[in-house]
Amino acid sequence: MKKFTLIELLVVIAIIGILTSILLPSLSEARRASQSAVCKSNFTQLYKANLLYTDGNNDKVVPFYDSTLVLKWPSLLWEMYSSVDLLKCPEDDFNRTPYPIFENPDKTSPMKVLNDAWGNDDMPCGYNTRMGGWNLEVAKLTSFSNPVETPMFGDCLFYRLQSPISVEKWYHPKARHLKNTANFVMSDGHVEFGTVSGSIDFQWSP
């Protein structure tokens with residue numbers, strides 16, 4: 001039986017190294033694309049949950065913040081989606097070790113979703129604040145002037161989502177996916193991805 005020489009073995013190792021260096025970036029992109037798809041699916045499920053909410057609330061979408069200044073949309077919408085996994089993005093690059101998202105073990109509490117002591121503030125998905133709530137009139141789904149161009153949910157660092165030209169920069173969309181893009185589900189139910197700067201052209205007010 002012929003044995004490999006040292007030179008032949010080194011050549012094989014070199015070829016494997018070259019192939020690995022070529023394939024790894026492609027595999028990494030494929031993995032990120034898959035994670036982005038999960039994120040889009042999550043937003044679609046939250047959109048459907050909001051549709052269910054409107055059925056029992058005179059066609060009004062869920063407010064981003066209720067009049068008590070305590071309950072935010074993740075808790076107000078809870079009965080319609082009932083899974084904290086939908087609030088998480090596989091590509092979230094924000095360090096949330098101190099602030100994990102979890103279901104409130106106290107079933108009697110109106111605050112269904114917890115973020116440590118922050119109560120829903122810190123999470124990778126945001127809800128368009130122009131939908132209304134607290135000091136803004138809550139929009140009716142049937143009254144949207146241009147639902148195709150109006151974002152409902154999108155990548156963010158907090159529960160609130162606002163145009164990138166708003167003063168409160170914490171609530172701007174967060175580009176966390178391939179090619180520095182963010183995912184959005186629009187008010188007609190279709191999912192879009194694009195740059196944060198490009199989202200300026202959205203019609204943010206229903």
# chains A, B, ... in the order shown; residues from 1 in each chain; ligands from 1

call {"tool": "select_by_dssp", "arguments": {"residues": "range 19-195 of chain A", "states": "alpha helix (DSSP H)", "output": "ChimeraX atom specification"}}
result
/A:19-55,73-76,78-81

call {"tool": "write_last_selection", "arguments": {"atoms": "N, CA and C atoms", "output": "short mmCIF file (atom, residue, chain, number, x, y, z; two decimals), in the first residue's frame"}}
result
data_model
loop_
_atom_site.label_atom_id
_atom_site.label_comp_id
_atom_site.auth_asym_id
_atom_site.auth_seq_id
_atom_site.Cartn_x
_atom_site.Cartn_y
_atom_site.Cartn_z
N LEU A 19 -10.26 25.67 0.55
CA LEU A 19 -11.70 25.42 0.37
C LEU A 19 -12.50 25.93 1.56
N THR A 20 -11.96 25.73 2.76
CA THR A 20 -12.64 26.21 3.97
C THR A 20 -12.77 27.72 3.96
N SER A 21 -11.68 28.41 3.58
CA SER A 21 -11.70 29.88 3.56
C SER A 21 -12.68 30.41 2.52
N ILE A 22 -12.89 29.64 1.45
CA ILE A 22 -13.84 30.04 0.40
C ILE A 22 -15.28 29.81 0.85
N LEU A 23 -15.53 28.67 1.53
CA LEU A 23 -16.90 28.27 1.88
C LEU A 23 -17.43 28.95 3.14
N LEU A 24 -16.55 29.26 4.10
CA LEU A 24 -17.03 29.80 5.38
C LEU A 24 -17.84 31.09 5.24
N PRO A 25 -17.38 32.07 4.42
CA PRO A 25 -18.20 33.28 4.28
C PRO A 25 -19.59 32.99 3.71
N SER A 26 -19.67 32.06 2.76
CA SER A 26 -20.96 31.69 2.18
C SER A 26 -21.87 31.03 3.21
N LEU A 27 -21.27 30.15 4.02
CA LEU A 27 -22.06 29.50 5.07
C LEU A 27 -22.53 30.49 6.11
N SER A 28 -21.67 31.47 6.41
CA SER A 28 -22.03 32.50 7.38
C SER A 28 -23.18 33.36 6.86
N GLU A 29 -23.12 33.71 5.57
CA GLU A 29 -24.20 34.50 4.97
C GLU A 29 -25.50 33.71 4.94
N ALA A 30 -25.41 32.42 4.64
CA ALA A 30 -26.60 31.57 4.61
C ALA A 30 -27.23 31.49 6.00
N ARG A 31 -26.38 31.39 7.02
CA ARG A 31 -26.88 31.32 8.40
C ARG A 31 -27.58 32.61 8.77
N ARG A 32 -26.99 33.74 8.41
CA ARG A 32 -27.59 35.03 8.74
C ARG A 32 -28.89 35.26 7.98
N ALA A 33 -28.92 34.80 6.73
CA ALA A 33 -30.15 34.91 5.95
C ALA A 33 -31.27 34.10 6.59
N SER A 34 -30.92 32.93 7.11
CA SER A 34 -31.90 32.09 7.80
C SER A 34 -32.40 32.76 9.06
N GLN A 35 -31.50 33.38 9.82
CA GLN A 35 -31.89 34.09 11.04
C GLN A 35 -32.79 35.28 10.72
N SER A 36 -32.48 35.98 9.63
CA SER A 36 -33.30 37.11 9.21
C SER A 36 -34.70 36.65 8.84
N ALA A 37 -34.80 35.46 8.23
CA ALA A 37 -36.10 34.91 7.84
C ALA A 37 -36.95 34.62 9.09
N VAL A 38 -36.29 34.14 10.16
CA VAL A 38 -37.01 33.90 11.41
C VAL A 38 -37.54 35.21 11.98
N CYS A 39 -36.72 36.24 11.90
CA CYS A 39 -37.12 37.56 12.37
C CYS A 39 -38.34 38.06 11.61
N LYS A 40 -38.33 37.90 10.29
CA LYS A 40 -39.47 38.32 9.46
C LYS A 40 -40.72 37.54 9.83
N SER A 41 -40.57 36.25 10.07
CA SER A 41 -41.70 35.41 10.45
C SER A 41 -42.28 35.87 11.78
N ASN A 42 -41.41 36.24 12.72
CA ASN A 42 -41.87 36.74 14.02
C ASN A 42 -42.73 37.99 13.85
N PHE A 43 -42.26 38.91 13.02
CA PHE A 43 -43.02 40.14 12.80
C PHE A 43 -44.37 39.86 12.17
N THR A 44 -44.39 38.90 11.25
CA THR A 44 -45.66 38.53 10.61
C THR A 44 -46.64 37.98 11.65
N GLN A 45 -46.14 37.18 12.58
CA GLN A 45 -47.01 36.63 13.63
C GLN A 45 -47.52 37.73 14.55
N LEU A 46 -46.67 38.70 14.86
CA LEU A 46 -47.11 39.82 15.70
C LEU A 46 -48.14 40.66 14.97
N TYR A 47 -47.96 40.82 13.67
CA TYR A 47 -48.94 41.55 12.86
C TYR A 47 -50.30 40.86 12.94
N LYS A 48 -50.30 39.53 12.79
CA LYS A 48 -51.56 38.78 12.85
C LYS A 48 -52.19 38.89 14.24
N ALA A 49 -51.34 38.92 15.28
CA ALA A 49 -51.85 39.09 16.64
C ALA A 49 -52.55 40.44 16.78
N ASN A 50 -51.99 41.45 16.14
CA ASN A 50 -52.59 42.78 16.20
C ASN A 50 -53.94 42.80 15.46
N LEU A 51 -54.03 42.05 14.38
CA LEU A 51 -55.30 41.95 13.67
C LEU A 51 -56.37 41.34 14.57
N LEU A 52 -55.99 40.29 15.30
CA LEU A 52 -56.93 39.66 16.23
C LEU A 52 -57.34 40.65 17.32
N TYR A 53 -56.39 41.45 17.76
CA TYR A 53 -56.68 42.45 18.79
C TYR A 53 -57.72 43.45 18.30
N THR A 54 -57.60 43.87 17.04
CA THR A 54 -58.53 44.87 16.51
C THR A 54 -59.97 44.34 16.47
N ASP A 55 -60.11 43.03 16.27
CA ASP A 55 -61.45 42.43 16.20
C ASP A 55 -62.26 42.67 17.46
N TRP A 73 -47.22 47.50 24.69
CA TRP A 73 -47.88 46.61 23.73
C TRP A 73 -47.54 45.12 23.91
N PRO A 74 -46.30 44.72 24.32
CA PRO A 74 -46.07 43.28 24.47
C PRO A 74 -47.01 42.63 25.49
N SER A 75 -47.36 43.37 26.55
CA SER A 75 -48.29 42.83 27.55
C SER A 75 -49.74 43.00 27.11
N LEU A 76 -50.05 44.13 26.47
CA LEU A 76 -51.43 44.38 26.03
C LEU A 76 -51.86 43.41 24.94
N TRP A 78 -50.58 40.31 24.60
CA TRP A 78 -50.13 38.99 25.00
C TRP A 78 -51.10 37.86 24.66
N GLU A 79 -52.36 38.03 24.95
CA GLU A 79 -53.32 36.94 24.73
C GLU A 79 -53.43 36.55 23.26
N MET A 80 -52.94 37.41 22.37
CA MET A 80 -53.06 37.15 20.94
C MET A 80 -51.84 36.42 20.36
N TYR A 81 -50.73 36.40 21.12
CA TYR A 81 -49.56 35.68 20.58
C TYR A 81 -48.92 34.73 21.60
#

call {"tool": "residues_around", "arguments": {"residues": "Val138 in chain A", "least_positions_apart": "6", "cutoff": "8 Å", "atoms": "only C-alpha atoms", "output": "NGL selection string"}}
result
:A and (60-63 or 131-132)

call {"tool": "residues_around", "arguments": {"residues": "Pro124 in chain A", "least_positions_apart": "3", "cutoff": "7 Å", "atoms": "only C-alpha atoms", "output": "number ranges by chain"}}
result
A: 87-89, 92, 155-158

call {"tool": "select_by_dssp", "arguments": {"residues": "range 18-203 of chain A", "states": "strand (DSSP E or B)", "output": "ChimeraX atom specification"}}
result
/A:60,65,72,102-103,113-115,117,122,125-128,133,136,140,151-155,158,160-161,177,181-186,191-194

call {"tool": "atom_distance", "arguments": {"atom1": "CA of Pro173 in chain A", "atom2": "CA of Lys140 in chain A"}}
result
23.3 Å

call {"tool": "atom_distance", "arguments": {"atom1": "CA of Thr195 in chain A", "atom2": "CA of Arg176 in chain A"}}
result
9.7 Å

call {"tool": "atom_distance", "arguments": {"atom1": "CA of Cys125 in chain A", "atom2": "CA of Val185 in chain A"}}
result
10.9 Å

call {"tool": "closest_residue", "arguments": {"among": "A:Ser199, A:Asn128, A:Asn58, A:Asn180", "to": "Ser143 in chain A", "atoms": "only C-alpha atoms"}}
result
A:Asn58
